[in-house]
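Q: Here it is, the structure in full.
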Amino acid sequence: MTDLKYAYFIGCVSEQSTKENDIAARLACEKLGIQLVDLDFSCCGAGVLQDVNEFQALLVNARNFALAEQAGLPLMTICSTCQFNLMNDNKKLKENPDLLKKVNAKLAKTGLQYKGTTKITHLLWVVSSDYGLDMLKEKVTMPLSSLHLAGYYGCQMLRPAEVLQWDNPDNPHTFEDTLRVLGCNPVKFKRRTNCCGFHALMANEGPALELGGSILGAAMEENADAVVTVCPLCYISLDTYRSKINKRLKKKITIPVLHFPQVLALALGIEHKKLGFKRHIASVKDVVKKLEVKS
Amino acid sequence: MVKATKGKALVKRESREVVPTKTKELMVQTVPVHKKKKRITFKIYRNDPSKGVAPHYQEYTHEIDERTTVLDALDQIKWYQDGTLTYRKSCRSAICGSCAMKINGHPKLACRTRVEKELELFDEIRVDPMGNAPSMKDLVVDLEPFFKRVKSVQNYLIPKPGVEQQKEENPMTPAEHKHIDSAADCILCGCCHSDCDAARTDEKFIGPAAFVKAFRFVEDPRDAAKKERLKNLVENSGLWSCVHAMECAQACPKNINPTDKIAKLRQLAIEEGFTKDYGAKHAIAMQEGVQHSGKLEEHSLPLKTFGIFKTIGMSGMAIDMLTHGKMPTPFHKKTKGIKDIRYLMEEGEKWKKEEEEERHKYPAATQQTNEEKKP
């Protein structure tokens with residue numbers, strides 16, 4: 001057993017349109033004995049509030065960090081955009097005592113103080129380093145050996161390395177290593193660290209859709225059965241917007257997009273019916289069929 | 001005479017050879033211990049349209065040690081193996097920005113990239129010309145389109161009345177200087193532009209370096225054209241098209257973080273009242289959501305961003321979402337501490353204004369008299 005325990009930062013989108021990401025993450029963590037504690041977190045700003053007023057974003061995030069600190073827990077996300085924006089604001093506060101002092105003066109009225117000790121991590125990092133791939137291997141009861149999965153890192157889990165301090169963005173490997181431990185054949189594809197276009201979908205839809213399409217195209221070139229994301233926003237861009245991508249590119253792209261927690265849960269032996277695959281726009285049927293044939 | 005000189009010289013030489021033991025130890029410590037040299041493969045992009053040579057990779061093997069930079073290796077290959085290999089270089093110290101190229105797929109300055117460091121991640125060294133720019137010959141790209149984009153932001157000071165005529169200097173406060181200092185560090189190497197995903201898919205997007213230049217002048221207190229500059233950025237330069245891919249923040253050899261400057265320009269554009277385009281509307285809707293429930297409110301974002309007609313036009317996607325149970329509900333759970341969030345949002349608004357005002361003030365007299373300085 002493990003005594004790993006995290007303050008669970010679900011992220012706004014996984015509370016809403018990508019609920020399946022949250023459902024799978026909870027099931028997988030339960031199976032691994034990783035405790036998730038729900039705190040009263042707010043939005044991280046998603047880099048969008050930061051475009052209107054960076055000070056507001058810094059303050060609401062300082063409140064998020066203080067809540068986790070108060071509970072004495074590291075904060076775990078299941079979203080790359082949450083991961084980057086939280087880490088970026090946390091870095092500012094940790095490196096600048098004057099700024100921290102200013103923020104605390106404003107936080108005081110809410111009854112919170114932030115000392116600057118909160119550690120921020122992502123489910124993929126938890127599984128691959130805190131939990132450990134050796135231990136994870138022992139827990140895999142349904143190796144996904146019939147699947148070729150394309151691990152899509154995207155941007156904000158990797159860059160800038162100065163903020164995220166995880167895998168080297170020039171040639172990351174942790175995602176593939178983790179997928180290999182889950183029994184599947186990881187597909188290292190060309191655009192695995194490029195952008196999905198999400199953050200310009202509202203402002204500049206056409207080119208953003210092309211970016212999403214180029215990720216899917218690159219994964220299909222390598223004959224992947226599905227693209228796996230560590231970020232629900234990448235998922236939205238690649239799956240929820242699929243009809244728009246197909247219209248823009250005049251193609252019929254059918255490759256499914258899975259959330260990493262879903263893949264983790266499958267390998268841990270959790271039934272696929274519990275993982276919300278019905279909520280996916282591009283059908284996951286073929287993936288499920290391949291799994292069933294094998295078992 | 002001759003003998004005497006010889007004798008003198010000898011004495012001198014002897015005295016020079018006597019080195020105190022302590023210094024000797026220091027000398028041993030400071031001399032770097034070289035690892036064994038090794039031969040590695042360089043896979044270099046070659047292309048020469050003028051001679052009809054199609055793009056291809058050519059392999060060279062070259063001996064390196066742990067100090068060899070990619071530029072050192074290119075030089076050695078050009079001087080001793082193949083004089084036709086073409087690339088740009090000048091200062092060799094990461095100041096001129098000439099030797100920007102893709103090393104193992106990522107834009108870097110060849111002069112500050114050690115081969116050994118690359119080999120920690122890759123088995124070989126692959127060198128390509130920069131991205132988002134047409135290759136002219138081998139590793140040399142046409143930088144004209146890049147500079148055209150930089151120039152499109154009017155990359156020079158448009159002085160406020162009185163600034164030019166004033167005989168004395170036109171000082172800015174330390175905080176004003178600090179604010180634009182990193183943007184002024186740009187060496188125009190083009191690394192940030194090379195892998196920019198937004199520039200790759202959108203011709204109109206002027207790219208990170210041009211926005212950094214724009215920021216440098218928009219926030220210069222001596223500049224008269226702040227509003228016109230911001231208007232131009234919103235209307236003609238694609239200010240809201242940045243995709244936050246962070247490629248530029250990672251690639252910049254001067255640690256400028258162009259994404260951060262773009263975010264600051266967006267804040268300034270909203271402040272100046274440029275709120276009509278989708279990007280600004282979306283950002284403001286996001287802010288309203290956080291103010292209302294402490295969360296991003298997915299259900300209202302399209303409506304607030306696009307208005308009723310375009311939202312109806314998105315019905316295809318809406319049907320997809322409805323039939324797959326993905327339609328976000330307006331009855332979304334609020335953050336329990338919403339009162340605190342609203343308070344912090346208010347404080348943030350005040351703080352932003354204060355910060356702006358503070359920046360234009362000289363700090364309170366910090367000069368100490370000589371008397372006070374004495375311990």
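Order determines the names: the first chain of the structure tokens is A, the second B, and so forth; residues in each chain are numbered 1 upward, and ligands are numbered 1 upward as they are shown.
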Using only C-alpha atoms, which residues sit within 10 Å of B:His177 once same-chain residues fewer than 3 positions away are excluded, as a PyMOL selection string?
A: chain B and resi 171-174+180-182+184+216+219-221+359-360
Q: For chain A, which residues have at least one atom within 6 Å of chain B, if we go by only C-alpha atoms? Write them as an mmCIF file with C-alpha atoms, in the first residue's frame, please.
A:
```
data_model
loop_
_atom_site.group_PDB
_atom_site.id
_atom_site.type_symbol
_atom_site.label_atom_id
_atom_site.label_comp_id
_atom_site.auth_asym_id
_atom_site.auth_seq_id
_atom_site.Cartn_x
_atom_site.Cartn_y
_atom_site.Cartn_z
ATOM 1 C CA CYS A 12 -13.063 23.592 -14.335
ATOM 2 C CA GLN A 16 -18.086 20.142 -16.775
ATOM 3 C CA SER A 17 -17.783 18.910 -20.364
ATOM 4 C CA SER A 42 -11.178 28.018 -7.796
ATOM 5 C CA CYS A 43 -10.211 28.336 -11.454
ATOM 6 C CA VAL A 48 -7.078 33.646 -20.090
ATOM 7 C CA LEU A 49 -7.823 35.520 -16.878
ATOM 8 C CA ASP A 51 -4.821 38.057 -20.371
ATOM 9 C CA VAL A 52 -7.236 40.447 -18.655
ATOM 10 C CA PHE A 55 -2.903 40.227 -10.576
ATOM 11 C CA GLN A 56 -6.374 38.758 -10.156
ATOM 12 C CA THR A 110 -9.863 35.734 3.743
ATOM 13 C CA CYS A 155 2.680 22.199 -24.715
ATOM 14 C CA ARG A 159 7.369 24.212 -21.746
ATOM 15 C CA PRO A 160 8.949 26.350 -20.531
ATOM 16 C CA CYS A 195 0.197 22.611 -29.957
ATOM 17 C CA GLY A 197 -4.636 24.930 -30.976
ATOM 18 C CA HIS A 199 -6.094 28.470 -26.755
ATOM 19 C CA ALA A 200 -6.949 30.138 -30.062
ATOM 20 C CA ALA A 203 -10.175 33.883 -31.186
ATOM 21 C CA ASN A 204 -8.876 32.400 -34.426
ATOM 22 C CA PRO A 207 -5.800 27.992 -37.957
ATOM 23 C CA ARG A 279 -19.169 10.716 -23.870
#
```
Q: Determine the nearest neighbour of A:Ser214 from the options A:Leu36, A:Val287, A:Ile245, A:Leu75, counting only C-alpha atoms.
A: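 Using only C-alpha atoms, A:Ser214 sits closest to A:Ile245.
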Q: Please return as a list in words: the residues of stretch 37-183 of chain A that backbone DSSP assigns to strand (DSSP E).
A: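 Everything in stretch 37-183 of chain A that counts as strand (DSSP E) is Val37, Asp38, Leu75, Met76, Thr77, Ile120, Thr121, His122, His148, Leu149, Ala150, Gly151 and Tyr152 of chain A.
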Q: Can you write just those residues out, N, CA, C and O atoms, as a PDB file, in the first residue's frame?
A:
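Printed below is again.pdb as written:
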```
ATOM      1  N   VAL A  37      -7.965  14.367  -1.977  1.00  0.00           N
ATOM      2  CA  VAL A  37      -8.769  15.184  -1.068  1.00  0.00           C
ATOM      3  C   VAL A  37      -9.327  16.372  -1.847  1.00  0.00           C
ATOM      4  O   VAL A  37      -8.585  17.088  -2.518  1.00  0.00           O
ATOM      5  N   ASP A  38     -10.654  16.556  -1.789  1.00  0.00           N
ATOM      6  CA  ASP A  38     -11.275  17.681  -2.491  1.00  0.00           C
ATOM      7  C   ASP A  38     -11.224  18.925  -1.619  1.00  0.00           C
ATOM      8  O   ASP A  38     -11.701  18.907  -0.490  1.00  0.00           O
ATOM      9  N   LEU A  75      -0.437  19.538  -4.296  1.00  0.00           N
ATOM     10  CA  LEU A  75      -1.620  19.740  -5.127  1.00  0.00           C
ATOM     11  C   LEU A  75      -1.447  18.956  -6.429  1.00  0.00           C
ATOM     12  O   LEU A  75      -0.408  19.050  -7.083  1.00  0.00           O
ATOM     13  N   MET A  76      -2.453  18.134  -6.784  1.00  0.00           N
ATOM     14  CA  MET A  76      -2.340  17.339  -8.013  1.00  0.00           C
ATOM     15  C   MET A  76      -3.399  17.744  -9.026  1.00  0.00           C
ATOM     16  O   MET A  76      -4.577  17.804  -8.711  1.00  0.00           O
ATOM     17  N   THR A  77      -2.959  18.000 -10.272  1.00  0.00           N
ATOM     18  CA  THR A  77      -3.901  18.359 -11.334  1.00  0.00           C
ATOM     19  C   THR A  77      -4.075  17.195 -12.310  1.00  0.00           C
ATOM     20  O   THR A  77      -3.301  16.235 -12.287  1.00  0.00           O
ATOM     21  N   ILE A 120       3.344  21.402  -6.609  1.00  0.00           N
ATOM     22  CA  ILE A 120       2.286  21.161  -7.597  1.00  0.00           C
ATOM     23  C   ILE A 120       2.706  20.047  -8.536  1.00  0.00           C
ATOM     24  O   ILE A 120       3.828  20.050  -9.055  1.00  0.00           O
ATOM     25  N   THR A 121       1.818  19.091  -8.728  1.00  0.00           N
ATOM     26  CA  THR A 121       2.179  17.956  -9.575  1.00  0.00           C
ATOM     27  C   THR A 121       0.972  17.515 -10.405  1.00  0.00           C
ATOM     28  O   THR A 121      -0.136  18.004 -10.219  1.00  0.00           O
ATOM     29  N   HIS A 122       1.217  16.632 -11.357  1.00  0.00           N
ATOM     30  CA  HIS A 122       0.181  16.169 -12.280  1.00  0.00           C
ATOM     31  C   HIS A 122       0.048  14.659 -12.117  1.00  0.00           C
ATOM     32  O   HIS A 122       1.019  13.990 -11.759  1.00  0.00           O
ATOM     33  N   HIS A 148      -1.938   0.214 -29.772  1.00  0.00           N
ATOM     34  CA  HIS A 148      -0.857   1.145 -30.087  1.00  0.00           C
ATOM     35  C   HIS A 148      -1.350   2.538 -29.733  1.00  0.00           C
ATOM     36  O   HIS A 148      -2.236   3.067 -30.408  1.00  0.00           O
ATOM     37  N   LEU A 149      -0.819   3.106 -28.666  1.00  0.00           N
ATOM     38  CA  LEU A 149      -1.330   4.396 -28.207  1.00  0.00           C
ATOM     39  C   LEU A 149      -0.300   5.508 -28.380  1.00  0.00           C
ATOM     40  O   LEU A 149       0.879   5.343 -28.064  1.00  0.00           O
ATOM     41  N   ALA A 150      -0.798   6.639 -28.905  1.00  0.00           N
ATOM     42  CA  ALA A 150       0.081   7.783 -29.147  1.00  0.00           C
ATOM     43  C   ALA A 150      -0.019   8.743 -27.968  1.00  0.00           C
ATOM     44  O   ALA A 150      -1.028   9.439 -27.817  1.00  0.00           O
ATOM     45  N   GLY A 151       0.975   8.779 -27.142  1.00  0.00           N
ATOM     46  CA  GLY A 151       0.999   9.683 -25.983  1.00  0.00           C
ATOM     47  C   GLY A 151       1.261  11.103 -26.462  1.00  0.00           C
ATOM     48  O   GLY A 151       2.316  11.391 -27.019  1.00  0.00           O
ATOM     49  N   TYR A 152       0.276  11.962 -26.261  1.00  0.00           N
ATOM     50  CA  TYR A 152       0.389  13.346 -26.744  1.00  0.00           C
ATOM     51  C   TYR A 152       0.670  14.268 -25.557  1.00  0.00           C
ATOM     52  O   TYR A 152      -0.178  14.471 -24.701  1.00  0.00           O
TER      53      TYR A 152
END
```
Q: Which residues, written as a PDB file with C-alpha atoms, in the first residue's frame, have at least one atom at most 8 Å from A:Leu291, with only C-alpha atoms counted and residues fewer than 4 positions away on the same chain left out?
A:
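Result file out-v2.pdb:
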```pdb
ATOM      1  CA  LEU A 144      -3.185  -3.169 -22.953  1.00  0.00           C
ATOM      2  CA  SER A 146      -3.276  -5.104 -28.194  1.00  0.00           C
ATOM      3  CA  LEU A 147      -3.183  -1.308 -28.378  1.00  0.00           C
ATOM      4  CA  VAL A 287     -10.370   0.376 -28.995  1.00  0.00           C
ATOM      5  CA  SER A 295      -9.330 -10.742 -22.900  1.00  0.00           C
TER       6      SER A 295
END
```
Q: Could you give me, as a PDB file with C-alpha atoms, in the first residue's frame, each residue of stretch 130-288 of chain B that DSSP assigns to helix (DSSP H, G or I) when run on this structure's backbone?
A:
```pdb
ATOM      1  CA  GLU B 144      13.267  39.015 -44.913  1.00  0.00           C
ATOM      2  CA  PRO B 145       9.682  37.871 -44.093  1.00  0.00           C
ATOM      3  CA  PHE B 146      10.687  37.692 -40.416  1.00  0.00           C
ATOM      4  CA  PHE B 147      12.120  41.211 -40.390  1.00  0.00           C
ATOM      5  CA  LYS B 148       9.115  42.486 -42.331  1.00  0.00           C
ATOM      6  CA  ARG B 149       6.902  41.298 -39.482  1.00  0.00           C
ATOM      7  CA  VAL B 150       9.173  42.939 -36.908  1.00  0.00           C
ATOM      8  CA  LYS B 151       9.090  46.193 -38.876  1.00  0.00           C
ATOM      9  CA  PRO B 174      13.876  52.470 -12.602  1.00  0.00           C
ATOM     10  CA  ALA B 175      10.572  50.564 -12.560  1.00  0.00           C
ATOM     11  CA  GLU B 176       9.649  51.729 -16.057  1.00  0.00           C
ATOM     12  CA  HIS B 177      13.038  50.585 -17.268  1.00  0.00           C
ATOM     13  CA  LYS B 178      12.778  47.224 -15.516  1.00  0.00           C
ATOM     14  CA  HIS B 179       9.366  46.710 -17.115  1.00  0.00           C
ATOM     15  CA  ILE B 180      10.695  46.826 -20.697  1.00  0.00           C
ATOM     16  CA  ASP B 181      14.264  45.780 -19.979  1.00  0.00           C
ATOM     17  CA  ALA B 183      12.025  42.935 -24.069  1.00  0.00           C
ATOM     18  CA  ALA B 184      14.885  45.222 -25.080  1.00  0.00           C
ATOM     19  CA  ASP B 185      17.290  42.252 -24.749  1.00  0.00           C
ATOM     20  CA  CYS B 191      14.567  31.201 -32.577  1.00  0.00           C
ATOM     21  CA  CYS B 192      11.136  32.073 -31.116  1.00  0.00           C
ATOM     22  CA  HIS B 193       9.612  32.468 -34.560  1.00  0.00           C
ATOM     23  CA  SER B 194      11.044  29.209 -35.890  1.00  0.00           C
ATOM     24  CA  ASP B 197       2.652  27.054 -33.983  1.00  0.00           C
ATOM     25  CA  ALA B 198       0.446  30.121 -34.479  1.00  0.00           C
ATOM     26  CA  ALA B 199       2.785  31.596 -37.109  1.00  0.00           C
ATOM     27  CA  ARG B 200       2.949  28.211 -38.852  1.00  0.00           C
ATOM     28  CA  THR B 201      -0.799  28.106 -39.471  1.00  0.00           C
ATOM     29  CA  PRO B 208       6.704  36.322 -30.911  1.00  0.00           C
ATOM     30  CA  ALA B 209       9.728  38.504 -31.742  1.00  0.00           C
ATOM     31  CA  ALA B 210       7.592  41.179 -33.376  1.00  0.00           C
ATOM     32  CA  PHE B 211       5.271  41.260 -30.347  1.00  0.00           C
ATOM     33  CA  VAL B 212       8.263  41.569 -28.013  1.00  0.00           C
ATOM     34  CA  LYS B 213       9.435  44.584 -30.021  1.00  0.00           C
ATOM     35  CA  ALA B 214       5.924  46.031 -29.952  1.00  0.00           C
ATOM     36  CA  PHE B 215       5.768  45.627 -26.164  1.00  0.00           C
ATOM     37  CA  ARG B 216       9.111  47.364 -25.787  1.00  0.00           C
ATOM     38  CA  PHE B 217       7.702  50.514 -27.456  1.00  0.00           C
ATOM     39  CA  VAL B 218       4.090  50.325 -26.224  1.00  0.00           C
ATOM     40  CA  LYS B 226       0.670  53.616 -27.422  1.00  0.00           C
ATOM     41  CA  LYS B 227      -2.976  53.516 -28.478  1.00  0.00           C
ATOM     42  CA  GLU B 228      -2.301  53.413 -32.226  1.00  0.00           C
ATOM     43  CA  ARG B 229       0.253  50.667 -31.712  1.00  0.00           C
ATOM     44  CA  LEU B 230      -2.216  48.552 -29.714  1.00  0.00           C
ATOM     45  CA  LYS B 231      -4.928  49.141 -32.308  1.00  0.00           C
ATOM     46  CA  ASN B 232      -2.591  47.922 -35.023  1.00  0.00           C
ATOM     47  CA  LEU B 233      -1.639  44.834 -32.983  1.00  0.00           C
ATOM     48  CA  VAL B 234      -5.275  43.880 -32.411  1.00  0.00           C
ATOM     49  CA  GLU B 235      -6.504  44.584 -35.935  1.00  0.00           C
ATOM     50  CA  ASN B 236      -3.596  43.614 -38.168  1.00  0.00           C
ATOM     51  CA  LEU B 239      -2.611  39.673 -31.008  1.00  0.00           C
ATOM     52  CA  TRP B 240      -5.345  37.234 -29.912  1.00  0.00           C
ATOM     53  CA  SER B 241      -4.132  34.371 -32.135  1.00  0.00           C
ATOM     54  CA  GLU B 247       7.662  27.208 -27.926  1.00  0.00           C
ATOM     55  CA  CYS B 248       9.000  30.772 -27.914  1.00  0.00           C
ATOM     56  CA  ALA B 249       9.429  30.876 -24.135  1.00  0.00           C
ATOM     57  CA  GLN B 250      11.432  27.661 -24.366  1.00  0.00           C
ATOM     58  CA  ALA B 251      13.497  28.644 -27.397  1.00  0.00           C
ATOM     59  CA  PRO B 258       7.506  36.379 -25.478  1.00  0.00           C
ATOM     60  CA  THR B 259       4.260  34.633 -24.398  1.00  0.00           C
ATOM     61  CA  ASP B 260       4.341  36.708 -21.240  1.00  0.00           C
ATOM     62  CA  LYS B 261       4.784  39.910 -23.266  1.00  0.00           C
ATOM     63  CA  ILE B 262       1.848  38.937 -25.497  1.00  0.00           C
ATOM     64  CA  ALA B 263      -0.305  38.429 -22.375  1.00  0.00           C
ATOM     65  CA  LYS B 264       0.723  41.888 -21.143  1.00  0.00           C
ATOM     66  CA  LEU B 265      -0.111  43.455 -24.528  1.00  0.00           C
ATOM     67  CA  ARG B 266      -3.549  41.795 -24.404  1.00  0.00           C
ATOM     68  CA  GLN B 267      -4.186  43.323 -20.966  1.00  0.00           C
ATOM     69  CA  LEU B 268      -3.159  46.727 -22.306  1.00  0.00           C
ATOM     70  CA  ALA B 269      -5.376  46.359 -25.384  1.00  0.00           C
ATOM     71  CA  ILE B 270      -8.410  45.602 -23.192  1.00  0.00           C
ATOM     72  CA  GLU B 271      -7.547  48.557 -20.942  1.00  0.00           C
ATOM     73  CA  TYR B 278     -13.465  37.289 -30.093  1.00  0.00           C
ATOM     74  CA  GLY B 279     -10.224  36.895 -28.142  1.00  0.00           C
ATOM     75  CA  ALA B 280     -10.911  39.900 -25.916  1.00  0.00           C
ATOM     76  CA  LYS B 281     -14.584  38.972 -25.470  1.00  0.00           C
ATOM     77  CA  HIS B 282     -13.612  35.432 -24.520  1.00  0.00           C
ATOM     78  CA  ALA B 283     -11.075  36.681 -21.961  1.00  0.00           C
ATOM     79  CA  ILE B 284     -13.572  39.097 -20.423  1.00  0.00           C
ATOM     80  CA  ALA B 285     -16.231  36.351 -20.304  1.00  0.00           C
ATOM     81  CA  MET B 286     -13.714  34.165 -18.495  1.00  0.00           C
ATOM     82  CA  GLN B 287     -13.084  36.925 -15.951  1.00  0.00           C
ATOM     83  CA  GLU B 288     -16.832  37.316 -15.415  1.00  0.00           C
TER      84      GLU B 288
END
```
